[in-house]
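Below is my_file_35.cif, holding mmCIF, C-alpha atoms.
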data_final
loop_
_atom_site.label_atom_id
_atom_site.label_comp_id
_atom_site.auth_asym_id
_atom_site.auth_seq_id
_atom_site.Cartn_x
_atom_site.Cartn_y
_atom_site.Cartn_z
CA MET A 1 34.86 -19.91 -18.73
CA LYS A 2 34.79 -22.47 -15.94
CA ARG A 3 32.32 -25.29 -16.56
CA ASN A 4 31.31 -28.44 -14.72
CA TYR A 5 31.22 -30.73 -17.76
CA SER A 6 34.28 -32.23 -19.42
CA GLY A 7 32.26 -33.39 -22.47
CA CYS A 8 29.73 -31.35 -24.39
CA ALA A 9 29.27 -28.03 -22.59
CA VAL A 10 25.50 -28.54 -22.50
CA CYS A 11 24.85 -32.28 -22.04
CA ASN A 12 28.29 -33.72 -21.18
CA SER A 13 28.14 -36.22 -24.04
CA THR A 14 31.47 -37.18 -25.54
CA TRP A 15 30.01 -38.17 -28.89
CA GLY A 16 30.33 -35.79 -31.84
CA ASN A 17 33.00 -33.40 -32.86
CA VAL A 18 31.81 -29.80 -32.97
CA TRP A 19 34.19 -27.11 -31.85
CA ALA A 20 32.72 -23.63 -31.58
CA GLU A 21 34.02 -20.36 -30.19
CA VAL A 22 31.90 -18.96 -27.35
CA GLU A 23 32.98 -15.93 -25.32
CA GLY A 24 36.36 -16.04 -27.01
CA GLU A 25 36.97 -19.67 -26.02
CA ARG A 26 36.98 -22.78 -28.20
CA MET A 27 34.52 -25.25 -26.72
CA PHE A 28 33.51 -28.82 -27.46
CA PHE A 29 29.90 -29.75 -28.28
CA CYS A 30 28.38 -33.05 -29.36
CA CYS A 31 26.31 -31.41 -32.11
CA ASP A 32 25.36 -28.05 -33.61
CA ILE A 33 22.12 -27.96 -31.64
CA CYS A 34 23.97 -28.06 -28.30
CA ALA A 35 26.31 -25.32 -29.55
CA THR A 36 23.29 -23.19 -30.46
CA GLN A 37 21.71 -23.87 -27.06
CA PHE A 38 24.86 -22.86 -25.20
CA ARG A 39 25.24 -19.61 -27.15
CA ARG A 40 21.56 -18.73 -26.60
CA LEU A 41 21.91 -19.46 -22.89
CA VAL A 42 25.04 -17.33 -22.46
CA ASP A 43 23.43 -14.44 -24.38
CA ARG A 44 20.25 -14.67 -22.29
CA VAL A 45 22.13 -14.74 -18.98
CA LYS A 46 24.13 -11.69 -20.06
CA THR A 47 20.92 -9.89 -21.04
CA GLU A 48 19.24 -10.75 -17.73
CA THR A 49 22.20 -9.80 -15.56
CA GLY A 50 23.77 -6.99 -17.52
CA TRP A 51 27.14 -8.74 -17.24
CA SER A 52 29.60 -8.29 -20.07
CA THR A 53 31.28 -11.67 -19.52
CA LEU A 54 30.64 -14.94 -17.71
CA ASP A 55 33.42 -16.48 -15.62
CA SER A 56 31.58 -19.72 -14.95
CA LEU A 57 28.51 -21.67 -16.02
CA GLU A 58 27.43 -24.86 -14.27
CA ILE A 59 24.61 -26.89 -15.80
CA ALA A 60 22.58 -29.75 -14.31
CA GLY A 61 19.52 -31.58 -15.60
CA ASP A 62 18.51 -33.14 -18.87
CA ARG A 63 16.82 -32.33 -22.18
CA ARG A 64 13.50 -31.70 -20.40
CA GLY A 65 15.07 -28.77 -18.59
CA ARG A 66 18.35 -27.65 -17.06
CA THR A 67 19.18 -25.69 -13.93
CA CYS A 68 22.12 -23.35 -14.40
CA VAL A 69 24.35 -21.35 -12.08
CA ALA A 70 26.30 -18.58 -13.79
CA GLY A 71 29.04 -16.51 -12.22
CA SER A 72 30.78 -13.26 -13.01
CA GLY A 73 33.27 -11.83 -10.54
CA ASP A 74 31.65 -12.05 -7.10
CA GLU A 75 28.14 -12.29 -8.48
CA SER A 76 26.08 -15.36 -9.29
CA PHE A 77 22.81 -15.99 -11.13
CA ARG A 78 20.57 -19.10 -11.10
CA CYS A 79 18.06 -20.00 -13.76
CA PHE A 80 16.05 -22.82 -15.29
CA VAL A 81 16.14 -23.23 -19.04
CA ALA A 82 14.47 -25.54 -21.57
CA PHE A 83 15.01 -25.50 -25.32
CA THR A 84 13.09 -26.35 -28.46
CA PRO A 85 14.42 -29.29 -30.51
CA GLN A 86 15.99 -26.68 -32.79
CA GLY A 87 17.97 -25.16 -29.90
CA GLU A 88 15.92 -22.01 -29.26
CA ILE A 89 15.06 -21.10 -25.68
CA ARG A 90 11.53 -22.30 -24.87
CA ILE A 91 11.47 -21.56 -21.14
CA PHE A 92 13.77 -19.29 -19.16
CA GLU A 93 13.06 -18.67 -15.48
CA LYS A 94 15.19 -16.82 -13.00
CA LEU A 95 15.61 -18.83 -9.78
CA ALA A 96 16.27 -17.63 -6.24
CA ARG A 97 19.89 -18.02 -5.13
CA MET B 98 15.59 -55.68 -42.35
CA THR B 99 17.17 -53.62 -39.56
CA SER B 100 16.79 -49.88 -40.02
CA CYS B 101 18.67 -47.18 -38.17
CA PRO B 102 16.33 -45.83 -35.43
CA ALA B 103 17.69 -42.32 -35.99
CA CYS B 104 17.43 -42.04 -39.79
CA LEU B 105 15.74 -45.29 -40.94
CA ARG B 106 18.58 -46.13 -43.27
CA PRO B 107 18.17 -49.83 -44.16
CA LEU B 108 20.88 -52.19 -42.91
CA GLY B 109 21.19 -55.97 -43.06
CA GLN B 110 18.59 -58.14 -41.38
CA GLY B 111 19.38 -58.45 -37.69
CA ASP B 112 22.74 -56.82 -38.35
CA LEU B 113 23.32 -54.96 -35.10
CA PRO B 114 27.10 -54.68 -35.69
CA ALA B 115 26.29 -52.80 -38.93
CA LEU B 116 23.88 -50.57 -37.02
CA ALA B 117 26.50 -49.90 -34.34
CA ALA B 118 29.10 -49.00 -36.99
CA HIS B 119 26.62 -46.70 -38.72
CA LEU B 120 25.75 -44.91 -35.46
CA VAL B 121 29.43 -44.37 -34.63
CA GLU B 122 30.14 -43.10 -38.14
CA GLU B 123 27.25 -40.62 -38.04
CA ALA B 124 28.18 -39.49 -34.53
CA GLU B 125 31.72 -38.79 -35.76
CA GLU B 126 30.06 -36.35 -38.18
CA SER B 127 28.16 -34.85 -35.21
CA ASP B 128 24.82 -35.58 -36.84
CA PRO B 129 22.29 -34.36 -34.22
CA ALA B 130 19.73 -37.14 -34.77
CA HIS B 131 22.29 -39.92 -34.30
CA VAL B 132 24.07 -38.24 -31.38
CA ARG B 133 20.72 -37.70 -29.73
CA TRP B 134 19.73 -41.32 -30.19
CA LEU B 135 22.99 -42.55 -28.73
CA ASN B 136 22.77 -40.11 -25.82
CA GLN B 137 19.18 -40.96 -24.94
CA ASN B 138 19.12 -44.69 -25.63
CA LEU B 139 22.61 -46.15 -25.19
CA THR B 140 25.29 -43.97 -23.62
CA ARG B 141 26.62 -40.41 -23.53
CA GLU B 142 30.14 -41.76 -23.46
CA LYS B 143 31.84 -42.21 -26.79
CA THR B 144 32.62 -45.89 -27.27
CA THR B 145 33.56 -48.23 -30.08
CA ALA B 146 31.05 -49.90 -32.37
CA ALA B 147 31.93 -53.25 -30.81
CA GLU B 148 31.02 -51.93 -27.35
CA LEU B 149 27.70 -50.63 -28.65
CA VAL B 150 26.56 -54.01 -29.98
CA PRO B 151 25.57 -55.54 -26.58
CA MET B 152 23.82 -52.28 -25.67
CA LEU B 153 21.81 -52.47 -28.89
CA GLU B 154 21.01 -56.11 -28.18
CA ARG B 155 19.52 -55.06 -24.85
CA VAL B 156 17.42 -52.34 -26.48
CA TYR B 157 15.98 -54.65 -29.15
CA ASP B 158 15.57 -57.69 -26.91
CA LEU B 159 11.94 -58.61 -26.19
CA GLY B 160 12.95 -60.95 -23.39
CA SER B 161 10.12 -63.36 -22.72
CA GLY B 162 7.55 -60.74 -23.71
CA THR B 163 5.83 -59.72 -26.92
CA LEU B 164 6.43 -56.99 -29.47
CA LYS B 165 3.29 -55.26 -28.17
CA GLY B 166 4.61 -55.33 -24.62
CA TRP B 167 8.01 -54.03 -25.74
CA ILE B 168 6.39 -51.10 -27.58
CA LYS B 169 4.23 -50.22 -24.58
CA ALA B 170 7.17 -50.36 -22.17
CA ARG B 171 9.35 -48.11 -24.37
CA PHE B 172 6.49 -45.68 -24.86
CA ILE B 173 5.80 -45.44 -21.13
CA ALA B 174 9.50 -44.95 -20.36
CA LYS B 175 9.71 -42.06 -22.82
CA PHE B 176 6.47 -40.20 -22.11
CA TYR B 177 5.12 -41.46 -18.80
CA GLY B 178 8.15 -42.03 -16.60
CA PRO B 179 8.62 -40.46 -13.14
CA VAL B 180 8.88 -37.09 -14.91
CA PRO B 181 6.27 -37.19 -17.69
CA HIS B 182 6.66 -35.36 -20.98
CA PRO B 183 6.18 -31.59 -20.40
CA PHE B 184 3.08 -31.52 -22.58
CA VAL B 185 1.47 -34.27 -20.51
CA THR B 186 2.28 -32.29 -17.37
CA ALA B 187 0.72 -29.16 -18.89
CA LEU B 188 -2.39 -31.08 -19.97
CA GLN B 189 -3.19 -32.38 -16.47
CA HIS B 190 -5.10 -29.15 -15.80
CA PRO B 191 -4.68 -27.30 -19.08
CA SER B 192 -4.68 -23.55 -19.54
CA ARG B 193 -6.47 -21.95 -22.48
CA ALA B 194 -3.04 -21.39 -24.08
CA THR B 195 -2.11 -25.09 -23.76
CA LEU B 196 -5.35 -26.17 -25.43
CA LEU B 197 -4.95 -23.62 -28.23
CA GLY B 198 -1.38 -24.75 -28.83
CA TYR B 199 -2.80 -28.27 -29.08
CA VAL B 200 -5.43 -27.14 -31.63
CA VAL B 201 -3.10 -25.23 -33.94
CA GLU B 202 -0.39 -27.89 -34.22
CA HIS B 203 -2.63 -30.95 -34.00
CA GLN B 204 -4.73 -30.12 -37.04
CA HIS B 205 -1.53 -30.53 -39.10
CA PHE B 206 -0.82 -33.83 -37.35
CA LEU B 207 -4.31 -35.17 -38.06
CA ARG B 208 -4.13 -34.29 -41.74
CA GLN B 209 -0.92 -36.31 -42.00
CA TRP B 210 -2.59 -39.03 -39.95
CA VAL B 211 -5.10 -39.57 -42.76
CA ARG B 212 -2.32 -39.86 -45.33
CA SER B 213 -0.32 -42.30 -43.21
CA CYS B 214 -3.28 -44.56 -42.52
CA ALA B 215 -4.31 -44.44 -46.18
CA TYR B 216 -0.82 -45.58 -47.19
CA ILE B 217 -1.04 -48.47 -44.72
CA MET B 218 -4.37 -49.51 -46.25
CA ALA B 219 -3.00 -49.19 -49.76
CA ARG B 220 0.04 -51.30 -49.00
CA THR B 221 -1.48 -54.17 -47.02
CA ASP B 222 -3.40 -57.21 -48.26
CA GLU B 223 -4.76 -58.03 -44.81
CA PRO B 224 -8.54 -57.39 -44.62
CA LYS B 225 -8.55 -56.90 -40.87
CA VAL B 226 -5.89 -54.22 -41.14
CA ILE B 227 -7.97 -52.43 -43.80
CA LEU B 228 -11.10 -52.63 -41.66
CA TYR B 229 -9.19 -51.38 -38.64
CA GLU B 230 -7.87 -48.38 -40.57
CA LEU B 231 -11.28 -47.56 -42.05
CA ASP B 232 -12.81 -47.44 -38.60
CA ASN B 233 -9.90 -45.41 -37.27
CA LEU B 234 -10.11 -42.88 -40.11
CA ASN B 235 -13.84 -42.44 -39.59
CA THR B 236 -13.30 -41.75 -35.90
CA GLU B 237 -10.35 -39.44 -36.42
CA TYR B 238 -11.29 -37.61 -39.59
CA GLY B 239 -14.43 -38.65 -41.44
CA GLY B 240 -17.02 -38.88 -38.70
CA ALA B 241 -20.38 -40.62 -39.08
CA GLY B 242 -23.14 -38.07 -38.91
CA PRO B 243 -24.06 -35.69 -36.08
CA THR B 244 -23.90 -38.34 -33.36
CA ARG B 245 -20.32 -39.39 -34.22
CA VAL B 246 -18.44 -36.20 -34.91
CA ALA B 247 -14.86 -36.74 -36.11
CA HIS B 248 -11.94 -36.05 -33.79
CA TYR B 249 -10.67 -33.46 -36.29
CA GLU B 250 -13.96 -31.52 -36.15
CA LEU B 251 -14.04 -31.77 -32.35
CA LEU B 252 -10.53 -30.28 -32.30
CA LEU B 253 -11.60 -27.28 -34.38
CA ARG B 254 -14.68 -26.80 -32.19
CA MET B 255 -12.47 -26.82 -29.11
CA GLY B 256 -10.46 -23.99 -30.67
CA GLU B 257 -13.61 -22.03 -31.46
CA SER B 258 -14.91 -22.48 -27.93
CA LEU B 259 -11.70 -20.84 -26.72
CA GLY B 260 -12.04 -17.91 -29.11
CA LEU B 261 -9.86 -19.13 -31.97
CA ASP B 262 -11.48 -18.99 -35.39
CA ARG B 263 -11.02 -22.14 -37.48
CA THR B 264 -9.90 -20.09 -40.49
CA ARG B 265 -6.95 -18.88 -38.45
CA VAL B 266 -6.21 -22.42 -37.29
CA LEU B 267 -6.27 -23.79 -40.82
CA THR B 268 -4.09 -21.02 -42.25
CA THR B 269 -1.37 -21.12 -39.57
CA PRO B 270 1.73 -22.97 -40.83
CA PRO B 271 3.16 -25.71 -38.59
CA LEU B 272 6.11 -25.03 -36.30
CA PRO B 273 9.41 -26.66 -37.38
CA SER B 274 9.04 -29.72 -35.10
CA THR B 275 5.51 -30.36 -36.35
CA ARG B 276 6.67 -30.01 -39.95
CA GLU B 277 9.61 -32.36 -39.35
CA GLY B 278 7.24 -34.84 -37.72
CA ILE B 279 4.86 -34.74 -40.65
CA GLU B 280 7.70 -35.24 -43.11
CA GLY B 281 9.08 -38.10 -41.01
CA TRP B 282 5.75 -39.89 -40.71
CA ASN B 283 5.08 -39.45 -44.41
CA ARG B 284 8.42 -41.04 -45.15
CA ILE B 285 7.68 -43.90 -42.76
CA ALA B 286 4.31 -44.51 -44.40
CA THR B 287 5.74 -44.49 -47.91
CA HIS B 288 9.11 -46.21 -47.40
CA GLN B 289 8.88 -48.60 -44.43
CA HIS B 290 7.01 -51.91 -44.43
CA TRP B 291 3.30 -51.35 -43.77
CA VAL B 292 3.51 -53.22 -40.44
CA ALA B 293 6.31 -50.89 -39.35
CA ALA B 294 4.17 -47.90 -40.39
CA LEU B 295 1.21 -49.39 -38.49
CA ALA B 296 3.36 -49.65 -35.36
CA ALA B 297 4.87 -46.19 -35.86
CA MET B 298 1.51 -44.44 -36.18
CA HIS B 299 -0.85 -46.28 -33.88
CA SER B 300 1.61 -46.68 -31.02
CA LEU B 301 1.26 -42.89 -30.74
CA GLU B 302 -2.36 -43.39 -29.70
CA LEU B 303 -0.98 -44.88 -26.50
CA ILE B 304 -0.53 -41.28 -25.36
CA ALA B 305 -4.27 -41.07 -24.56
CA ASN B 306 -4.73 -44.72 -23.54
CA ARG B 307 -6.21 -44.46 -20.06
CA ASN B 308 -5.24 -48.04 -19.23
CA LEU B 309 -1.55 -47.22 -19.52
CA VAL B 310 -1.38 -46.48 -15.79
CA ASP B 311 -2.07 -50.20 -15.23
CA ASP B 312 1.14 -50.89 -17.16
CA GLY B 313 3.22 -48.44 -15.13
CA ALA B 314 2.51 -44.96 -16.53
CA SER B 315 2.99 -42.36 -13.80
CA VAL B 316 -0.10 -40.32 -14.75
CA HIS B 317 -2.98 -40.23 -17.23
CA TYR B 318 -2.82 -38.04 -20.37
CA PHE B 319 -4.83 -35.51 -18.35
CA ASP B 320 -6.48 -35.55 -14.95
CA PRO B 321 -9.79 -37.34 -15.70
CA ALA B 322 -11.50 -35.08 -13.14
CA ILE B 323 -11.39 -32.20 -15.64
CA LEU B 324 -13.98 -34.01 -17.77
CA ASP B 325 -16.57 -33.60 -15.03
CA SER B 326 -15.67 -30.10 -13.91
CA LYS B 327 -16.17 -26.64 -15.37
CA GLU B 328 -12.41 -26.21 -15.65
CA ILE B 329 -12.48 -26.46 -19.44
CA THR B 330 -15.13 -25.64 -22.04
CA ASP B 331 -17.74 -28.20 -23.09
CA ALA B 332 -16.12 -28.42 -26.52
CA ALA B 333 -12.75 -29.12 -24.91
CA THR B 334 -14.39 -31.81 -22.77
CA ASN B 335 -15.93 -33.37 -25.88
CA PHE B 336 -12.58 -33.41 -27.67
CA LEU B 337 -10.60 -34.87 -24.77
CA ARG B 338 -13.32 -37.35 -23.81
CA GLU B 339 -13.49 -38.72 -27.36
CA GLY B 340 -9.77 -39.50 -27.41
CA TYR B 341 -9.94 -40.84 -23.87
CA GLU B 342 -12.61 -43.32 -24.91
CA ALA B 343 -11.40 -44.20 -28.43
CA ASP B 344 -7.66 -44.52 -27.98
CA VAL B 345 -7.76 -47.52 -25.63
CA THR B 346 -9.15 -49.70 -28.41
CA HIS B 347 -7.32 -47.83 -31.21
CA SER B 348 -3.89 -48.43 -29.73
CA ASP B 349 -4.54 -51.89 -28.30
CA GLU B 350 -6.15 -53.27 -31.47
CA ALA B 351 -3.38 -51.85 -33.64
CA LEU B 352 -0.67 -53.28 -31.42
CA ASP B 353 -2.40 -56.67 -31.55
CA LEU B 354 -2.18 -56.44 -35.35
CA VAL B 355 1.49 -55.42 -35.08
CA ASN B 356 2.07 -58.45 -32.86
CA GLU B 357 0.31 -60.73 -35.34
CA PHE B 358 1.96 -59.49 -38.53
CA GLY B 359 5.18 -57.85 -37.33
CA SER B 360 6.73 -60.46 -35.06
CA ARG B 361 8.32 -62.41 -37.92
CA PRO B 362 12.12 -62.39 -37.55
CA ASP B 363 12.56 -60.66 -40.93
CA LEU B 364 10.23 -57.80 -39.93
CA ARG B 365 10.55 -57.40 -36.20
CA ASP B 366 13.62 -55.19 -35.99
CA GLU B 367 12.33 -52.91 -38.76
CA VAL B 368 9.12 -52.50 -36.76
CA GLN B 369 11.14 -51.73 -33.63
CA SER B 370 13.43 -49.18 -35.30
CA THR B 371 10.54 -47.46 -37.06
CA PHE B 372 8.63 -47.23 -33.78
CA LEU B 373 11.72 -45.77 -32.06
CA ARG B 374 12.06 -43.14 -34.80
CA SER B 375 8.38 -42.31 -34.56
CA ILE B 376 8.41 -41.68 -30.81
CA ASP B 377 11.37 -39.30 -31.19
CA LEU B 378 9.38 -37.36 -33.80
CA PHE B 379 6.38 -37.41 -31.47
CA ASP B 380 8.40 -36.18 -28.50
CA ASP B 381 9.47 -33.12 -30.50
CA TYR B 382 5.97 -32.63 -31.91
CA LEU B 383 4.46 -32.53 -28.39
CA LEU B 384 6.98 -29.81 -27.51
CA ALA B 385 5.77 -27.86 -30.55
CA ARG B 386 2.29 -27.80 -29.01
CA LEU B 387 3.80 -26.12 -25.93
CA GLN B 388 5.88 -23.78 -28.07
CA ARG B 389 2.71 -22.73 -29.89
CA ALA B 390 0.87 -22.36 -26.59
CA ALA B 391 3.32 -19.62 -25.66
CA ASP B 392 1.80 -17.51 -28.48
CA PHE B 393 -1.50 -17.52 -26.58
CA GLU B 394 -0.20 -16.79 -23.11
CA ALA B 395 -1.32 -13.43 -21.76
#

Write the structure described by the file as structure tokens, please.
Amino acid sequence: MKRNYSGCAVCNSTWGNVWAEVEGERMFFCCDICATQFRRLVDRVKTETGWSTLDSLEIAGDRRGRTCVAGSGDESFRCFVAFTPQGEIRIFEKLAR
Amino acid sequence: MTSCPACLRPLGQGDLPALAAHLVEEAEESDPAHVRWLNQNLTREKTTAAELVPMLERVYDLGSGTLKGWIKARFIAKFYGPVPHPFVTALQHPSRATLLGYVVEHQHFLRQWVRSCAYIMARTDEPKVILYELDNLNTEYGGAGPTRVAHYELLLRMGESLGLDRTRVLTTPPLPSTREGIEGWNRIATHQHWVAALAAMHSLELIANRNLVDDGASVHYFDPAILDSKEITDAATNFLREGYEADVTHSDEALDLVNEFGSRPDLRDEVQSTFLRSIDLFDDYLLARLQRAADFEA
């Protein structure tokens, strides 16, 4: 899956040392909470779009809320997401393209 | 004694190199609290302990100011910056759901509040600190007859005015962030120096201090216009107005006491670290109010 961050897939931090498999790919996260957030986000995007896989996921923003652009084939999907401190989705809003 | 601002582990007095080494070690283990603290307060980029030391020095440095001023500035930066905390944003013109989320989670907070303040009283020998806490506890929890109804009772009445029975409020368990906050503040009150506990608890009353905008806060806790409109119930007005009027003196008086008793070199960095831990707990706790509010959204 193509991503815009070289550090943690959610927050781009390079601290920590969590490696977790998401969508068949081993990814780096700074902590378990970010790994949980990323998995929840991917699952939610797939549920909203009906896609079976994601080819790309770009994330911008901070812990207060992140804007995401997901891609699969020729299609794209934009959303805003915010999480609880435990990594559950607190807000998920579909955004216009 | 320096404590870690992420876990309050005691380290040597003024020993920022030891704190830096501890943070790096915990981050290597991917501990979320330590990684979060590094990410939000120092840098997202993994560095050595030696490189962290000057960053820590900048965080803990009071400059030419006071401990009180340092606490206020950090509090404003965290909750009242250009983008305020999401709960503050929601409270500007609150929905019924936002106020009910406030009621359900805050009654847990206030019950811990009593314990924390009681521990401070039990552990200090300073009469003016004891008198301050007695007054605070009467305002927040005890009340003083029908003309001075306690903040806790006003909270429950606000819930009732919005259709939420107090029995349901009192029997609803706290959300995880509220529970973690309560556990954290209990630990602070029982394990940290009483001045550090005083700073940790009463700095939180800055959230409703209406004078904070004079110190750079981007907004008030809520739009004061709602107190004179029919936007919220009378009971909600009474609850919000009480905090709006009480918390200026509550927070300012407490921070004056922190300044007086906590500025000693052997205490100051423990006060600072404990305050930093407390505002992280509070940040998460305020999100729990919003999380609970979602239960009441139509």

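Put simply, atom CA of B:Tyr229 is 12.7 Å away from atom CA of B:Ala343.
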
Contact residues around B:Pro129 with all atoms listed in the file at 10 Å, ignoring same-chain residues under 6 positions, as number ranges by chain: A: 16, 30-34; B: 103, 123, 135

Identify all residues satisfying the PyMOL selection byres ((chain A and resi 89) around 12) in the given file; provide them as number ranges by chain. A: 33-34, 36-45, 63-66, 80-88, 90-93; B: 388, 391

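Separating atom CA of B:Asn233 from atom CA of B:Met218 is a distance of 11.3 Å.
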
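Compared by their closest atoms to chain A, and using all atoms listed in the file, the residues B:Phe172, B:Phe393, B:Tyr382, B:Tyr318 rank with B:Tyr382 nearest.
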
Stretch 21-42 of chain A rebuilt with N, CA and C atoms, output as a PDB file, in the frame of the given file:
ATOM      1  N   GLU A  21      33.487 -21.402 -31.073  1.00  0.00           N
ATOM      2  CA  GLU A  21      34.020 -20.360 -30.190  1.00  0.00           C
ATOM      3  C   GLU A  21      32.858 -19.653 -29.489  1.00  0.00           C
ATOM      4  N   VAL A  22      32.913 -19.662 -28.152  1.00  0.00           N
ATOM      5  CA  VAL A  22      31.900 -18.960 -27.350  1.00  0.00           C
ATOM      6  C   VAL A  22      32.652 -18.109 -26.330  1.00  0.00           C
ATOM      7  N   GLU A  23      32.320 -16.838 -26.262  1.00  0.00           N
ATOM      8  CA  GLU A  23      32.980 -15.930 -25.320  1.00  0.00           C
ATOM      9  C   GLU A  23      34.500 -15.977 -25.482  1.00  0.00           C
ATOM     10  N   GLY A  24      34.928 -16.070 -26.727  1.00  0.00           N
ATOM     11  CA  GLY A  24      36.360 -16.040 -27.010  1.00  0.00           C
ATOM     12  C   GLY A  24      37.092 -17.336 -26.709  1.00  0.00           C
ATOM     13  N   GLU A  25      36.338 -18.391 -26.376  1.00  0.00           N
ATOM     14  CA  GLU A  25      36.970 -19.670 -26.020  1.00  0.00           C
ATOM     15  C   GLU A  25      36.462 -20.780 -26.924  1.00  0.00           C
ATOM     16  N   ARG A  26      37.364 -21.659 -27.337  1.00  0.00           N
ATOM     17  CA  ARG A  26      36.980 -22.780 -28.200  1.00  0.00           C
ATOM     18  C   ARG A  26      36.419 -23.892 -27.330  1.00  0.00           C
ATOM     19  N   MET A  27      35.175 -24.252 -27.577  1.00  0.00           N
ATOM     20  CA  MET A  27      34.520 -25.250 -26.720  1.00  0.00           C
ATOM     21  C   MET A  27      34.035 -26.440 -27.533  1.00  0.00           C
ATOM     22  N   PHE A  28      33.963 -27.595 -26.820  1.00  0.00           N
ATOM     23  CA  PHE A  28      33.510 -28.820 -27.460  1.00  0.00           C
ATOM     24  C   PHE A  28      32.003 -29.018 -27.255  1.00  0.00           C
ATOM     25  N   PHE A  29      31.324 -29.401 -28.338  1.00  0.00           N
ATOM     26  CA  PHE A  29      29.900 -29.750 -28.280  1.00  0.00           C
ATOM     27  C   PHE A  29      29.687 -31.042 -29.063  1.00  0.00           C
ATOM     28  N   CYS A  30      28.639 -31.781 -28.668  1.00  0.00           N
ATOM     29  CA  CYS A  30      28.380 -33.050 -29.360  1.00  0.00           C
ATOM     30  C   CYS A  30      27.698 -32.821 -30.709  1.00  0.00           C
ATOM     31  N   CYS A  31      27.000 -31.689 -30.845  1.00  0.00           N
ATOM     32  CA  CYS A  31      26.310 -31.410 -32.110  1.00  0.00           C
ATOM     33  C   CYS A  31      26.045 -29.908 -32.210  1.00  0.00           C
ATOM     34  N   ASP A  32      25.632 -29.477 -33.389  1.00  0.00           N
ATOM     35  CA  ASP A  32      25.360 -28.050 -33.610  1.00  0.00           C
ATOM     36  C   ASP A  32      24.230 -27.535 -32.725  1.00  0.00           C
ATOM     37  N   ILE A  33      23.274 -28.419 -32.429  1.00  0.00           N
ATOM     38  CA  ILE A  33      22.120 -27.960 -31.640  1.00  0.00           C
ATOM     39  C   ILE A  33      22.572 -27.592 -30.224  1.00  0.00           C
ATOM     40  N   CYS A  34      23.461 -28.406 -29.647  1.00  0.00           N
ATOM     41  CA  CYS A  34      23.970 -28.060 -28.300  1.00  0.00           C
ATOM     42  C   CYS A  34      24.794 -26.761 -28.348  1.00  0.00           C
ATOM     43  N   ALA A  35      25.539 -26.561 -29.425  1.00  0.00           N
ATOM     44  CA  ALA A  35      26.310 -25.320 -29.550  1.00  0.00           C
ATOM     45  C   ALA A  35      25.360 -24.123 -29.614  1.00  0.00           C
ATOM     46  N   THR A  36      24.290 -24.270 -30.364  1.00  0.00           N
ATOM     47  CA  THR A  36      23.290 -23.190 -30.460  1.00  0.00           C
ATOM     48  C   THR A  36      22.669 -22.941 -29.092  1.00  0.00           C
ATOM     49  N   GLN A  37      22.313 -24.019 -28.385  1.00  0.00           N
ATOM     50  CA  GLN A  37      21.710 -23.870 -27.060  1.00  0.00           C
ATOM     51  C   GLN A  37      22.639 -23.110 -26.114  1.00  0.00           C
ATOM     52  N   PHE A  38      23.908 -23.479 -26.137  1.00  0.00           N
ATOM     53  CA  PHE A  38      24.860 -22.860 -25.200  1.00  0.00           C
ATOM     54  C   PHE A  38      24.999 -21.361 -25.497  1.00  0.00           C
ATOM     55  N   ARG A  39      25.108 -21.033 -26.779  1.00  0.00           N
ATOM     56  CA  ARG A  39      25.240 -19.610 -27.150  1.00  0.00           C
ATOM     57  C   ARG A  39      23.988 -18.828 -26.725  1.00  0.00           C
ATOM     58  N   ARG A  40      22.812 -19.404 -26.981  1.00  0.00           N
ATOM     59  CA  ARG A  40      21.560 -18.730 -26.600  1.00  0.00           C
ATOM     60  C   ARG A  40      21.505 -18.523 -25.086  1.00  0.00           C
ATOM     61  N   LEU A  41      21.946 -19.540 -24.350  1.00  0.00           N
ATOM     62  CA  LEU A  41      21.910 -19.460 -22.890  1.00  0.00           C
ATOM     63  C   LEU A  41      22.849 -18.366 -22.374  1.00  0.00           C
ATOM     64  N   VAL A  42      24.064 -18.356 -22.888  1.00  0.00           N
ATOM     65  CA  VAL A  42      25.040 -17.330 -22.460  1.00  0.00           C
ATOM     66  C   VAL A  42      24.494 -15.933 -22.775  1.00  0.00           C
TER      67      VAL A  42
END
